Amino acid sequence: MPMDQRTCLVTGASRGIGRGIAEHLASEGANVVVNFRASEQEAADAVEEIRSNGGSAIAAQADVTGRREVEAMRDLIHDEFGEIDVLVNNAGITQDTRFEEMTREEWDQVMDVNLGGVFNVTQTFFEDIKSADEGRLINISSIVGKQGNFGQANYATAKSGLFGFTRTISLELARSGSTANCLAPGFTQTDMLDEVDDEIQETIRSEIPLGRFAQIDDIAAAVRFLASEESSYITGEVIDVNGGMDL
């Protein structure tokens, strides 16, 4: 199905990588749902930006950790656009601290959003994806899920969990002709990275063979490909977008 006939839901899409993904999909003609938890104005700005460029988009509030909120979001989307064809699980949080000092609450919060939220949203929209003409599930993981990262035991564990989840769901979707894939971005130039000390940024950059951080467009372009017809024979894969960091 051409992108201009698809409806795409992007979770955590009010800013950063999620917003970039939403804008890329909308630029291809898709109906786009900009999910947000609390950043209502930022989500409205993203929708306005898409519409000002001729795209079709709505904002939909839902905390992905709340099953009832996710189901209410589904009803809103179905009323506006009908069933979705593409789900991009992007919403996630960090609670960084050394493992020996990490509280169970910090562990649970990251698991609840980064894995529990993926469970809630995917299961709620599973029939949509399964019944779509070549439906697409795209999970946004991280290079941290492959390599680990100091002070991010909770985040790394959750992000690596997406690998097994994606591969299993790809098997369950295969007979319907729908696919499930996972992206593992490297360090990406976002507001979150801007908060990292310059010296630490330079250390990270020195370990990237391509010599630069990813731009949001690098990640969004990869998602756009996986959401398109051209990716129809790719499923169950973890695709690295990290400038060669794992070589």
# chains A, B, ... in the order shown; residues from 1 in each chain; ligands from 1
$ residues_around --residues "A:Ala221" --least-positions-apart "2" --cutoff "12 Å" --atoms "only C-alpha atoms" --output "PDB file with C-alpha atoms, in the first residue's frame"
ATOM      1  CA  ILE A  17      13.205  11.660  17.275  1.00  0.00           C
ATOM      2  CA  GLY A  18       9.484  10.926  17.515  1.00  0.00           C
ATOM      3  CA  GLY A  20      11.074  13.831  13.240  1.00  0.00           C
ATOM      4  CA  ILE A  21       9.594  10.426  12.417  1.00  0.00           C
ATOM      5  CA  ALA A  22       6.058  11.834  12.372  1.00  0.00           C
ATOM      6  CA  GLU A  23       7.072  14.664  10.065  1.00  0.00           C
ATOM      7  CA  HIS A  24       8.881  12.316   7.667  1.00  0.00           C
ATOM      8  CA  LEU A  25       5.915   9.968   7.408  1.00  0.00           C
ATOM      9  CA  ALA A  26       3.547  12.887   6.881  1.00  0.00           C
ATOM     10  CA  SER A  27       5.791  14.270   4.137  1.00  0.00           C
ATOM     11  CA  GLU A  28       5.191  11.008   2.256  1.00  0.00           C
ATOM     12  CA  LEU A 183      15.857   0.194  14.888  1.00  0.00           C
ATOM     13  CA  PRO A 185      19.971   4.232  16.773  1.00  0.00           C
ATOM     14  CA  ALA A 214      23.215  10.908  14.181  1.00  0.00           C
ATOM     15  CA  GLN A 215      20.784  13.581  13.118  1.00  0.00           C
ATOM     16  CA  ILE A 216      17.078  13.084  13.726  1.00  0.00           C
ATOM     17  CA  ASP A 217      16.582  12.859   9.965  1.00  0.00           C
ATOM     18  CA  ASP A 218      18.944   9.855   9.839  1.00  0.00           C
ATOM     19  CA  ILE A 219      16.660   7.909  12.155  1.00  0.00           C
ATOM     20  CA  VAL A 223      11.753   4.441   9.801  1.00  0.00           C
ATOM     21  CA  ARG A 224      10.202   5.820   6.634  1.00  0.00           C
ATOM     22  CA  PHE A 225      11.853   3.030   4.630  1.00  0.00           C
ATOM     23  CA  LEU A 226      10.658   0.320   7.031  1.00  0.00           C
ATOM     24  CA  ALA A 227       7.134   1.753   6.838  1.00  0.00           C
ATOM     25  CA  SER A 228       7.132   1.704   3.044  1.00  0.00           C
ATOM     26  CA  VAL A 241      21.731   3.384  12.588  1.00  0.00           C
TER      27      VAL A 241
END
$ residues_around --residues "A:Leu210" --least-positions-apart "2" --cutoff "10 Å" --atoms "only C-alpha atoms" --output "number ranges by chain"
A: 205-208, 212-214, 242-245
$ write_last_selection --atoms "N, CA and C atoms" --output "PDB file, in the first residue's frame"
ATOM      1  N   ARG A 205      31.894  10.987  20.517  1.00  0.00           N
ATOM      2  CA  ARG A 205      32.058  11.244  19.085  1.00  0.00           C
ATOM      3  C   ARG A 205      33.327  10.583  18.549  1.00  0.00           C
ATOM      4  N   SER A 206      34.373  10.554  19.360  1.00  0.00           N
ATOM      5  CA  SER A 206      35.642   9.976  18.916  1.00  0.00           C
ATOM      6  C   SER A 206      35.536   8.472  18.687  1.00  0.00           C
ATOM      7  N   GLU A 207      34.499   7.842  19.244  1.00  0.00           N
ATOM      8  CA  GLU A 207      34.311   6.402  19.094  1.00  0.00           C
ATOM      9  C   GLU A 207      33.388   6.045  17.928  1.00  0.00           C
ATOM     10  N   ILE A 208      32.909   7.058  17.223  1.00  0.00           N
ATOM     11  CA  ILE A 208      32.004   6.829  16.091  1.00  0.00           C
ATOM     12  C   ILE A 208      32.815   6.878  14.799  1.00  0.00           C
ATOM     13  N   ARG A 212      30.569  11.629  13.635  1.00  0.00           N
ATOM     14  CA  ARG A 212      29.511  12.583  13.984  1.00  0.00           C
ATOM     15  C   ARG A 212      28.375  11.842  14.670  1.00  0.00           C
ATOM     16  N   PHE A 213      27.554  12.614  15.392  1.00  0.00           N
ATOM     17  CA  PHE A 213      26.344  12.054  15.962  1.00  0.00           C
ATOM     18  C   PHE A 213      25.293  11.913  14.873  1.00  0.00           C
ATOM     19  N   ALA A 214      24.346  11.012  15.100  1.00  0.00           N
ATOM     20  CA  ALA A 214      23.215  10.908  14.181  1.00  0.00           C
ATOM     21  C   ALA A 214      22.377  12.177  14.266  1.00  0.00           C
ATOM     22  N   ASN A 242      23.942   3.848  13.500  1.00  0.00           N
ATOM     23  CA  ASN A 242      24.817   4.340  14.557  1.00  0.00           C
ATOM     24  C   ASN A 242      26.184   4.804  14.066  1.00  0.00           C
ATOM     25  N   GLY A 243      26.338   5.001  12.782  1.00  0.00           N
ATOM     26  CA  GLY A 243      27.597   5.512  12.267  1.00  0.00           C
ATOM     27  C   GLY A 243      28.753   4.549  12.372  1.00  0.00           C
ATOM     28  N   GLY A 244      28.438   3.256  12.599  1.00  0.00           N
ATOM     29  CA  GLY A 244      29.484   2.244  12.683  1.00  0.00           C
ATOM     30  C   GLY A 244      29.997   1.969  14.072  1.00  0.00           C
ATOM     31  N   MET A 245      29.297   2.434  15.099  1.00  0.00           N
ATOM     32  CA  MET A 245      29.796   2.289  16.466  1.00  0.00           C
ATOM     33  C   MET A 245      29.969   0.833  16.904  1.00  0.00           C
TER      34      MET A 245
END
$ closest_atom_pairs --of "stretch 58-158 of chain A" --to "stretch 230-240 of chain A" --cutoff "10 Å" --atoms "only C-alpha atoms" --output "Markdown table"
| residue | atom | partner | partner_atom | distance |
| --- | --- | --- | --- | --- |
| A:Glu134 | CA | A:Ser232 | CA | 7.2 |
| A:Gly135 | CA | A:Ser232 | CA | 9.3 |
| A:Arg136 | CA | A:Ser232 | CA | 9.0 |
| A:Leu137 | CA | A:Thr235 | CA | 9.4 |
| A:Ile138 | CA | A:Thr235 | CA | 9.8 |
| A:Asn139 | CA | A:Val238 | CA | 9.2 |
| A:Ile140 | CA | A:Val238 | CA | 9.6 |
| A:Ser141 | CA | A:Val238 | CA | 8.7 |
| A:Ser142 | CA | A:Asp240 | CA | 8.4 |
| A:Ile143 | CA | A:Asp240 | CA | 7.5 |
| A:Lys146 | CA | A:Asp240 | CA | 9.9 |
$ closest_residue --among "A:Asp191, A:Glu106, A:Glu48, A:Asp112" --to "A:Arg15" --atoms "only C-alpha atoms"
A:Asp191
$ residues_around --residues "A:Arg104" --least-positions-apart "6" --cutoff "12 Å" --atoms "only C-alpha atoms" --output "ChimeraX atom specification"
/A:95,97,110-112,153-154
$ closest_residue --among "A:Asp194, A:Glu100, A:Glu83, A:Glu127" --to "A:Val33" --atoms "only C-alpha atoms"
A:Glu83
$ closest_residue --among "A:Glu105, A:Thr188, A:Phe125, A:Pro2" --to "A:Gly16" --atoms "only C-alpha atoms"
A:Thr188
$ closest_residue --among "A:Val32, A:Thr7, A:Ser131, A:Phe126" --to "A:Arg175" --atoms "only C-alpha atoms"
A:Ser131
$ select_by_dssp --residues "stretch 15-223 of chain A" --states "strand (DSSP E or B)" --output "NGL selection string"
:A and (31-36 or 56-61 or 86-89 or 136-140 or 179-185 or 188 or 214)
$ write_last_selection --atoms "N, CA and C atoms" --output "tab-separated table (two decimals), in the first residue's frame"
chain	number	residue	atom	x	y	z
A	31	ASN	N	-1.42	9.70	6.81
A	31	ASN	CA	-2.10	10.28	7.96
A	31	ASN	C	-1.26	9.94	9.19
A	32	VAL	N	-0.97	10.92	10.01
A	32	VAL	CA	-0.06	10.69	11.14
A	32	VAL	C	-0.75	11.07	12.45
A	33	VAL	N	-0.58	10.19	13.44
A	33	VAL	CA	-1.07	10.46	14.79
A	33	VAL	C	0.13	10.76	15.67
A	34	VAL	N	0.15	11.96	16.23
A	34	VAL	CA	1.23	12.41	17.12
A	34	VAL	C	0.81	12.13	18.55
A	35	ASN	N	1.31	11.03	19.09
A	35	ASN	CA	0.98	10.70	20.48
A	35	ASN	C	1.86	11.50	21.44
A	36	PHE	N	1.28	11.88	22.58
A	36	PHE	CA	2.03	12.56	23.63
A	36	PHE	C	1.44	12.18	24.97
A	56	SER	N	-1.40	15.55	6.82
A	56	SER	CA	-2.59	15.24	7.61
A	56	SER	C	-2.15	14.65	8.94
A	57	ALA	N	-2.57	15.28	10.04
A	57	ALA	CA	-2.12	14.82	11.35
A	57	ALA	C	-3.10	15.23	12.43
A	58	ILE	N	-3.13	14.43	13.49
A	58	ILE	CA	-3.86	14.78	14.71
A	58	ILE	C	-2.96	14.47	15.89
A	59	ALA	N	-3.23	15.13	17.01
A	59	ALA	CA	-2.55	14.80	18.26
A	59	ALA	C	-3.45	13.89	19.08
A	60	ALA	N	-2.83	12.96	19.81
A	60	ALA	CA	-3.61	12.03	20.64
A	60	ALA	C	-2.88	11.82	21.96
A	61	GLN	N	-3.52	12.25	23.05
A	61	GLN	CA	-2.91	12.11	24.37
A	61	GLN	C	-3.12	10.70	24.91
A	86	VAL	N	0.55	1.45	10.38
A	86	VAL	CA	1.93	1.50	10.85
A	86	VAL	C	1.95	1.98	12.30
A	87	LEU	N	2.64	1.21	13.16
A	87	LEU	CA	2.84	1.61	14.54
A	87	LEU	C	4.33	1.77	14.79
A	88	VAL	N	4.73	2.95	15.26
A	88	VAL	CA	6.11	3.20	15.64
A	88	VAL	C	6.15	3.40	17.15
A	89	ASN	N	6.70	2.42	17.84
A	89	ASN	CA	6.85	2.51	19.30
A	89	ASN	C	8.13	3.27	19.61
A	136	ARG	N	2.82	-2.59	9.45
A	136	ARG	CA	4.19	-2.41	9.90
A	136	ARG	C	4.24	-2.10	11.40
A	137	LEU	N	5.06	-2.86	12.12
A	137	LEU	CA	5.40	-2.54	13.50
A	137	LEU	C	6.88	-2.20	13.52
A	138	ILE	N	7.20	-1.02	14.04
A	138	ILE	CA	8.59	-0.56	14.09
A	138	ILE	C	8.89	-0.10	15.51
A	139	ASN	N	9.81	-0.80	16.16
A	139	ASN	CA	10.18	-0.49	17.54
A	139	ASN	C	11.51	0.26	17.57
A	140	ILE	N	11.55	1.34	18.32
A	140	ILE	CA	12.78	2.14	18.42
A	140	ILE	C	13.54	1.71	19.67
A	179	THR	N	4.84	-6.95	8.91
A	179	THR	CA	6.21	-7.13	9.39
A	179	THR	C	6.44	-6.40	10.71
A	180	ALA	N	7.48	-6.84	11.41
A	180	ALA	CA	7.93	-6.17	12.63
A	180	ALA	C	9.44	-6.06	12.59
A	181	ASN	N	9.94	-4.86	12.78
A	181	ASN	CA	11.38	-4.62	12.78
A	181	ASN	C	11.75	-3.65	13.90
A	182	CYS	N	13.02	-3.59	14.17
A	182	CYS	CA	13.52	-2.77	15.28
A	182	CYS	C	14.69	-1.93	14.78
A	183	LEU	N	14.71	-0.66	15.16
A	183	LEU	CA	15.86	0.19	14.89
A	183	LEU	C	16.66	0.37	16.17
A	184	ALA	N	17.98	0.35	16.02
A	184	ALA	CA	18.86	0.60	17.16
A	184	ALA	C	19.72	1.82	16.83
A	185	PRO	N	19.20	3.02	17.07
A	185	PRO	CA	19.97	4.23	16.77
A	185	PRO	C	21.17	4.38	17.69
A	188	THR	N	22.16	10.40	19.19
A	188	THR	CA	21.49	11.27	18.24
A	188	THR	C	21.43	12.70	18.77
A	214	ALA	N	24.35	11.01	15.10
A	214	ALA	CA	23.22	10.91	14.18
A	214	ALA	C	22.38	12.18	14.27
$ decode --residues "stretch 160-175 of chain A" --atoms "all heavy atoms" --output "PDB file, in the first residue's frame"
ATOM      1  N   SER A 160      17.282  -3.705  25.114  1.00  0.00           N
ATOM      2  CA  SER A 160      17.649  -5.007  24.559  1.00  0.00           C
ATOM      3  C   SER A 160      16.442  -5.942  24.541  1.00  0.00           C
ATOM      4  O   SER A 160      16.327  -6.809  23.670  1.00  0.00           O
ATOM      5  CB  SER A 160      18.797  -5.632  25.357  1.00  0.00           C
ATOM      6  OG  SER A 160      18.418  -5.905  26.682  1.00  0.00           O
ATOM      7  N   GLY A 161      15.526  -5.765  25.484  1.00  0.00           N
ATOM      8  CA  GLY A 161      14.302  -6.562  25.489  1.00  0.00           C
ATOM      9  C   GLY A 161      13.474  -6.386  24.233  1.00  0.00           C
ATOM     10  O   GLY A 161      12.754  -7.306  23.816  1.00  0.00           O
ATOM     11  N   LEU A 162      13.565  -5.218  23.612  1.00  0.00           N
ATOM     12  CA  LEU A 162      12.829  -4.975  22.381  1.00  0.00           C
ATOM     13  C   LEU A 162      13.300  -5.863  21.238  1.00  0.00           C
ATOM     14  O   LEU A 162      12.537  -6.129  20.299  1.00  0.00           O
ATOM     15  CB  LEU A 162      12.936  -3.505  21.967  1.00  0.00           C
ATOM     16  CG  LEU A 162      12.190  -2.496  22.839  1.00  0.00           C
ATOM     17  CD1 LEU A 162      12.440  -1.081  22.354  1.00  0.00           C
ATOM     18  CD2 LEU A 162      10.693  -2.796  22.853  1.00  0.00           C
ATOM     19  N   PHE A 163      14.552  -6.320  21.293  1.00  0.00           N
ATOM     20  CA  PHE A 163      15.052  -7.182  20.222  1.00  0.00           C
ATOM     21  C   PHE A 163      14.277  -8.504  20.193  1.00  0.00           C
ATOM     22  O   PHE A 163      13.781  -8.929  19.150  1.00  0.00           O
ATOM     23  CB  PHE A 163      16.546  -7.467  20.405  1.00  0.00           C
ATOM     24  CG  PHE A 163      17.423  -6.244  20.461  1.00  0.00           C
ATOM     25  CD1 PHE A 163      18.634  -6.282  21.127  1.00  0.00           C
ATOM     26  CD2 PHE A 163      17.044  -5.052  19.855  1.00  0.00           C
ATOM     27  CE1 PHE A 163      19.461  -5.171  21.181  1.00  0.00           C
ATOM     28  CE2 PHE A 163      17.853  -3.928  19.914  1.00  0.00           C
ATOM     29  CZ  PHE A 163      19.065  -3.983  20.579  1.00  0.00           C
ATOM     30  N   GLY A 164      14.183  -9.153  21.348  1.00  0.00           N
ATOM     31  CA  GLY A 164      13.455 -10.414  21.418  1.00  0.00           C
ATOM     32  C   GLY A 164      11.975 -10.234  21.157  1.00  0.00           C
ATOM     33  O   GLY A 164      11.332 -11.077  20.504  1.00  0.00           O
ATOM     34  N   PHE A 165      11.413  -9.147  21.670  1.00  0.00           N
ATOM     35  CA  PHE A 165       9.991  -8.862  21.441  1.00  0.00           C
ATOM     36  C   PHE A 165       9.716  -8.714  19.943  1.00  0.00           C
ATOM     37  O   PHE A 165       8.782  -9.314  19.402  1.00  0.00           O
ATOM     38  CB  PHE A 165       9.596  -7.587  22.186  1.00  0.00           C
ATOM     39  CG  PHE A 165       8.168  -7.164  21.970  1.00  0.00           C
ATOM     40  CD1 PHE A 165       7.137  -7.797  22.625  1.00  0.00           C
ATOM     41  CD2 PHE A 165       7.868  -6.120  21.099  1.00  0.00           C
ATOM     42  CE1 PHE A 165       5.812  -7.416  22.422  1.00  0.00           C
ATOM     43  CE2 PHE A 165       6.557  -5.722  20.891  1.00  0.00           C
ATOM     44  CZ  PHE A 165       5.526  -6.368  21.551  1.00  0.00           C
ATOM     45  N   THR A 166      10.540  -7.924  19.257  1.00  0.00           N
ATOM     46  CA  THR A 166      10.339  -7.669  17.826  1.00  0.00           C
ATOM     47  C   THR A 166      10.428  -8.961  17.032  1.00  0.00           C
ATOM     48  O   THR A 166       9.594  -9.217  16.141  1.00  0.00           O
ATOM     49  CB  THR A 166      11.396  -6.670  17.312  1.00  0.00           C
ATOM     50  OG1 THR A 166      11.272  -5.441  18.034  1.00  0.00           O
ATOM     51  CG2 THR A 166      11.216  -6.407  15.832  1.00  0.00           C
ATOM     52  N   ARG A 167      11.414  -9.787  17.308  1.00  0.00           N
ATOM     53  CA  ARG A 167      11.600 -11.020  16.540  1.00  0.00           C
ATOM     54  C   ARG A 167      10.440 -11.984  16.755  1.00  0.00           C
ATOM     55  O   ARG A 167       9.988 -12.651  15.830  1.00  0.00           O
ATOM     56  CB  ARG A 167      12.938 -11.657  16.921  1.00  0.00           C
ATOM     57  CG  ARG A 167      14.109 -10.884  16.339  1.00  0.00           C
ATOM     58  CD  ARG A 167      15.442 -11.324  16.883  1.00  0.00           C
ATOM     59  NE  ARG A 167      16.540 -10.676  16.154  1.00  0.00           N
ATOM     60  CZ  ARG A 167      17.687 -10.321  16.680  1.00  0.00           C
ATOM     61  NH1 ARG A 167      17.898 -10.535  17.981  1.00  0.00           N
ATOM     62  NH2 ARG A 167      18.624  -9.748  15.965  1.00  0.00           N
ATOM     63  N   THR A 168       9.944 -12.048  17.986  1.00  0.00           N
ATOM     64  CA  THR A 168       8.806 -12.922  18.263  1.00  0.00           C
ATOM     65  C   THR A 168       7.547 -12.429  17.568  1.00  0.00           C
ATOM     66  O   THR A 168       6.816 -13.207  16.938  1.00  0.00           O
ATOM     67  CB  THR A 168       8.574 -13.019  19.785  1.00  0.00           C
ATOM     68  OG1 THR A 168       9.745 -13.562  20.398  1.00  0.00           O
ATOM     69  CG2 THR A 168       7.387 -13.900  20.099  1.00  0.00           C
ATOM     70  N   ILE A 169       7.274 -11.128  17.668  1.00  0.00           N
ATOM     71  CA  ILE A 169       6.072 -10.584  17.028  1.00  0.00           C
ATOM     72  C   ILE A 169       6.156 -10.712  15.513  1.00  0.00           C
ATOM     73  O   ILE A 169       5.138 -10.929  14.836  1.00  0.00           O
ATOM     74  CB  ILE A 169       5.854  -9.113  17.440  1.00  0.00           C
ATOM     75  CG1 ILE A 169       5.652  -9.010  18.952  1.00  0.00           C
ATOM     76  CG2 ILE A 169       4.656  -8.517  16.700  1.00  0.00           C
ATOM     77  CD1 ILE A 169       4.502  -9.841  19.500  1.00  0.00           C
ATOM     78  N   SER A 170       7.365 -10.618  14.952  1.00  0.00           N
ATOM     79  CA  SER A 170       7.496 -10.773  13.500  1.00  0.00           C
ATOM     80  C   SER A 170       7.025 -12.150  13.061  1.00  0.00           C
ATOM     81  O   SER A 170       6.423 -12.296  11.986  1.00  0.00           O
ATOM     82  CB  SER A 170       8.950 -10.543  13.063  1.00  0.00           C
ATOM     83  OG  SER A 170       9.797 -11.614  13.451  1.00  0.00           O
ATOM     84  N   LEU A 171       7.283 -13.173  13.878  1.00  0.00           N
ATOM     85  CA  LEU A 171       6.821 -14.520  13.551  1.00  0.00           C
ATOM     86  C   LEU A 171       5.299 -14.619  13.634  1.00  0.00           C
ATOM     87  O   LEU A 171       4.663 -15.288  12.821  1.00  0.00           O
ATOM     88  CB  LEU A 171       7.462 -15.532  14.501  1.00  0.00           C
ATOM     89  CG  LEU A 171       8.990 -15.672  14.414  1.00  0.00           C
ATOM     90  CD1 LEU A 171       9.499 -16.593  15.521  1.00  0.00           C
ATOM     91  CD2 LEU A 171       9.402 -16.199  13.049  1.00  0.00           C
ATOM     92  N   GLU A 172       4.722 -13.945  14.621  1.00  0.00           N
ATOM     93  CA  GLU A 172       3.278 -14.008  14.798  1.00  0.00           C
ATOM     94  C   GLU A 172       2.522 -13.203  13.740  1.00  0.00           C
ATOM     95  O   GLU A 172       1.349 -13.471  13.477  1.00  0.00           O
ATOM     96  CB  GLU A 172       2.910 -13.546  16.209  1.00  0.00           C
ATOM     97  CG  GLU A 172       3.489 -14.454  17.291  1.00  0.00           C
ATOM     98  CD  GLU A 172       2.947 -14.160  18.684  1.00  0.00           C
ATOM     99  OE1 GLU A 172       1.923 -13.450  18.799  1.00  0.00           O
ATOM    100  OE2 GLU A 172       3.551 -14.651  19.657  1.00  0.00           O
ATOM    101  N   LEU A 173       3.192 -12.226  13.140  1.00  0.00           N
ATOM    102  CA  LEU A 173       2.563 -11.414  12.092  1.00  0.00           C
ATOM    103  C   LEU A 173       2.801 -11.960  10.687  1.00  0.00           C
ATOM    104  O   LEU A 173       2.096 -11.583   9.748  1.00  0.00           O
ATOM    105  CB  LEU A 173       3.103  -9.981  12.146  1.00  0.00           C
ATOM    106  CG  LEU A 173       2.621  -9.075  13.264  1.00  0.00           C
ATOM    107  CD1 LEU A 173       3.399  -7.756  13.239  1.00  0.00           C
ATOM    108  CD2 LEU A 173       1.119  -8.799  13.140  1.00  0.00           C
ATOM    109  N   ALA A 174       3.784 -12.825  10.530  1.00  0.00           N
ATOM    110  CA  ALA A 174       4.272 -13.173   9.191  1.00  0.00           C
ATOM    111  C   ALA A 174       3.185 -13.706   8.262  1.00  0.00           C
ATOM    112  O   ALA A 174       3.118 -13.323   7.084  1.00  0.00           O
ATOM    113  CB  ALA A 174       5.415 -14.180   9.303  1.00  0.00           C
ATOM    114  N   ARG A 175       2.330 -14.579   8.743  1.00  0.00           N
ATOM    115  CA  ARG A 175       1.326 -15.171   7.862  1.00  0.00           C
ATOM    116  C   ARG A 175       0.320 -14.159   7.347  1.00  0.00           C
ATOM    117  O   ARG A 175      -0.336 -14.387   6.328  1.00  0.00           O
ATOM    118  CB  ARG A 175       0.609 -16.309   8.576  1.00  0.00           C
ATOM    119  CG  ARG A 175       1.495 -17.540   8.781  1.00  0.00           C
ATOM    120  CD  ARG A 175       0.703 -18.712   9.319  1.00  0.00           C
ATOM    121  NE  ARG A 175       1.551 -19.897   9.459  1.00  0.00           N
ATOM    122  CZ  ARG A 175       1.124 -21.076   9.889  1.00  0.00           C
ATOM    123  NH1 ARG A 175      -0.154 -21.225  10.234  1.00  0.00           N
ATOM    124  NH2 ARG A 175       1.958 -22.092   9.991  1.00  0.00           N
TER     125      ARG A 175
END
